[in-house]
Each structure stands twice: as C-alpha cells, then as structure tokens.
Amino acid sequence: HYRGHAAHGHEESTLQRMRDFCQANPNDVVVYIHTKGSLHETDFNKRWRRPLTMGAMRPTCLERLMDPDESEMVNFNETTICNTCGLQLYPLWNIMYPGNMFSARCDYVAKLADLNEYNQQMSDIVNMTLTNDSMWSHELYQEHFAEDKEGVTGIGRYSNEQWIGSHPTVRPCDLMGQYTNLYPMARGLQRRPHFLPHAKARRAPRVPLQRGNWYRFDANMYTTAARKDARTSAPYQYYLLPGMLYRFFNVYKVFPPDYSWIWDYYPNGNVWKAKVQDALTQAKDDSDAAASLIW
C-alpha cells in the first residue's frame, strides 16, 4: 500500500503512517525498514544495515507473527507466538530492537501511542523522574548521560526506536538468540553470511538479564540495583521493572497482563506483580487510584 512521499523527514513520519495503516487494517502484518546510517554514515552502520534489513524481512519472523500459540494466551484473544520480530531484541533501557527495523502484527501496532504524543510523554516522564531522586534512581545508566543521555533514556529521536516495544502487551521474537552484544554481532554477521538465512525466530529475550553481554551494561551494578528493587520502596529503579511499569502506566494507563513474560523475566517480577494486583484490588480496578498505591 503506497502511503505517500515526503522530501524531508525522520523515522516518526513513516512510523506514524504505519500506525495509521494498522488501525485501519488490524489483520495485516507490517515490516518497517529504513536507510540505517543515512544520518551517521559510520563503518558500524554500514555493517549493521544489511542484517537489520534481512532480519526484519526473514520469512521465519513473519511466520512467528502468524503461527498459532498453543499456550494459555489463546484464552485472552492473543493467539500467536509473538507480535513483533526483528534481528535482535534488547530488554534494556526500554524493550526495543536496536537499529529499529522489525516486522509486527497490525493488531499490536494499532495499540501504540501516537508518535508525537509518545515523544512528549517520554520527555515528561524522564524529566520528572530525573528531578525526583528521592523517588527514582537512574544509577544503572547515569554514567552514560554525559555522552548519550537521549539514547539511554529513550527521548528525542530515540523515542522512535523504543516505540515498538512500549506497550505492555508486547510479545517479542528475534533471530540472534544468545548473541547480545551489538558491535561483535554486526562484525560477526559480516564474516558469517550464512548465519541469518538459517536462523530461526523464537521468543525473546532468551538470555537472562544478568548474564547478557548487553551494550553499556554493568552486571555488578545491576545486581546491586536488583537487590534494592526487591524492597518495592522508593527510590525505585527506573531501568528495572518499577520504571518499566511506570512508563507503561503513564503512556497507556494499563499494566502487563498476568500471563506476560515481563513478570517472569525481570528481577523481582513476582513481587511487583503482587504489588500491582493488590493495588488494583484495593482501588477496585481504578488504574489511577492503583498507581498512587504502587509508587
């Protein structure tokens, strides 16, 4: 479907049109690719562009978006194995596909926030949490603020990259599996051209958070932050589950469903899940009232 042409623009222009298309065609599947590196033409971006494009368009990704899921999700009208797929999923900062190329089900994309609104909402959330250090801790990535604050907080143009994983019903798949580091992965794929054609899309993330060789990730600092997070009291860890729940709520006014992989993957998920459920019960399912009991 041809949706138009613009002489000038950024990723949000295309992503917004994709969202509009999905809202009108919820039974379709979309693929998002772009000219990665046109803004910053580096050797890394050149190496990365081809596998990113191939990953988003691989038949195995498209199959996973349409394959029936035999788990309990069928009872919640979410009947496929995943609703997003791409080369490599990252569960840090926000849930995203670094490089921002992916395929996705339209019934999921249709739920996502308007791009301009999401950009502003993320800026407001980041500014509020950064100015309230008695309530929020950014210690996991604060050392990177000087070099790349927008990148690690997901604001400005980086909100486009983190938009696809921003809804609490996201069910991601990817191709890279155990490979979590960005730079060696891009170089390695160039040396192993037969890897991607044979890679199978599966549910992601497949590497425990504390064991991944994630970009800009400090495992020791993570362990300390996760231990603090278990107390479910302020200051809350912005880059762990409390911050993710806070972003979900402030953008979409909902939390992950009970069966979501999010509760199992992130540290202290059962503790935070119980806290959310208790708050919703006390607030008689009034999400705004529940939020005041959670944070």
# chains A, B, ... in the order shown; residues from 1 in each chain; ligands from 1
>>> select_by_dssp(residues="stretch 67-223 of chain A", states="strand (DSSP E or B)", output="list in words")
Pro68, Thr80, Thr84, Cys85, Gly86, Tyr90, Met96, Phe102, Ser103, Ala104, Arg105, Trp136, Ser137, Pro172, Cys173, Asp174, Arg202 and Arg203 of chain A
>>> closest_atom_pairs(of="stretch 230-265 of chain A", to="stretch 110-113 of chain A", cutoff="12 Å", atoms="only C-alpha atoms", output="Markdown table")
| residue | atom | partner | partner_atom | distance |
| --- | --- | --- | --- | --- |
| A:Phe248 | CA | A:Ala113 | CA | 10.8 |
| A:Asn250 | CA | A:Ala113 | CA | 11.2 |
| A:Val251 | CA | A:Ala113 | CA | 7.4 |
| A:Tyr252 | CA | A:Ala113 | CA | 7.6 |
| A:Lys253 | CA | A:Ala113 | CA | 11.3 |
| A:Val254 | CA | A:Lys111 | CA | 11.6 |
>>> residues_around(residues="A:Glu150", least_positions_apart="4", cutoff="12 Å", atoms="only C-alpha atoms", output="list in words")
Trp93, Asn119, Met122, Ser123, Val126, Asn127, Tyr141, Gln142, His144, Phe145, Ala146, Gly154, Ile155, Gly156, Arg157, Tyr158, Ser159, Asn160, Glu161 and Gln162 of chain A
>>> atom_distance(atom1="atom CA of A:Thr131", atom2="atom CA of A:Tyr236")
13.3 Å
>>> residues_around(residues="A:Leu175", least_positions_apart="3", cutoff="9 Å", atoms="only C-alpha atoms", output="list in words")
Gly55, Thr60, Cys61, Cys85, Gly86, Leu87, Gln88, Leu89, Leu196, Ala199, Lys200, Ala201, Arg202, Arg203 and Ala204 of chain A
>>> residues_around(residues="A:Tyr266", least_positions_apart="6", cutoff="10 Å", atoms="only C-alpha atoms", output="PyMOL selection string")
chain A and resi 91+208-210+226+240-242+244+272
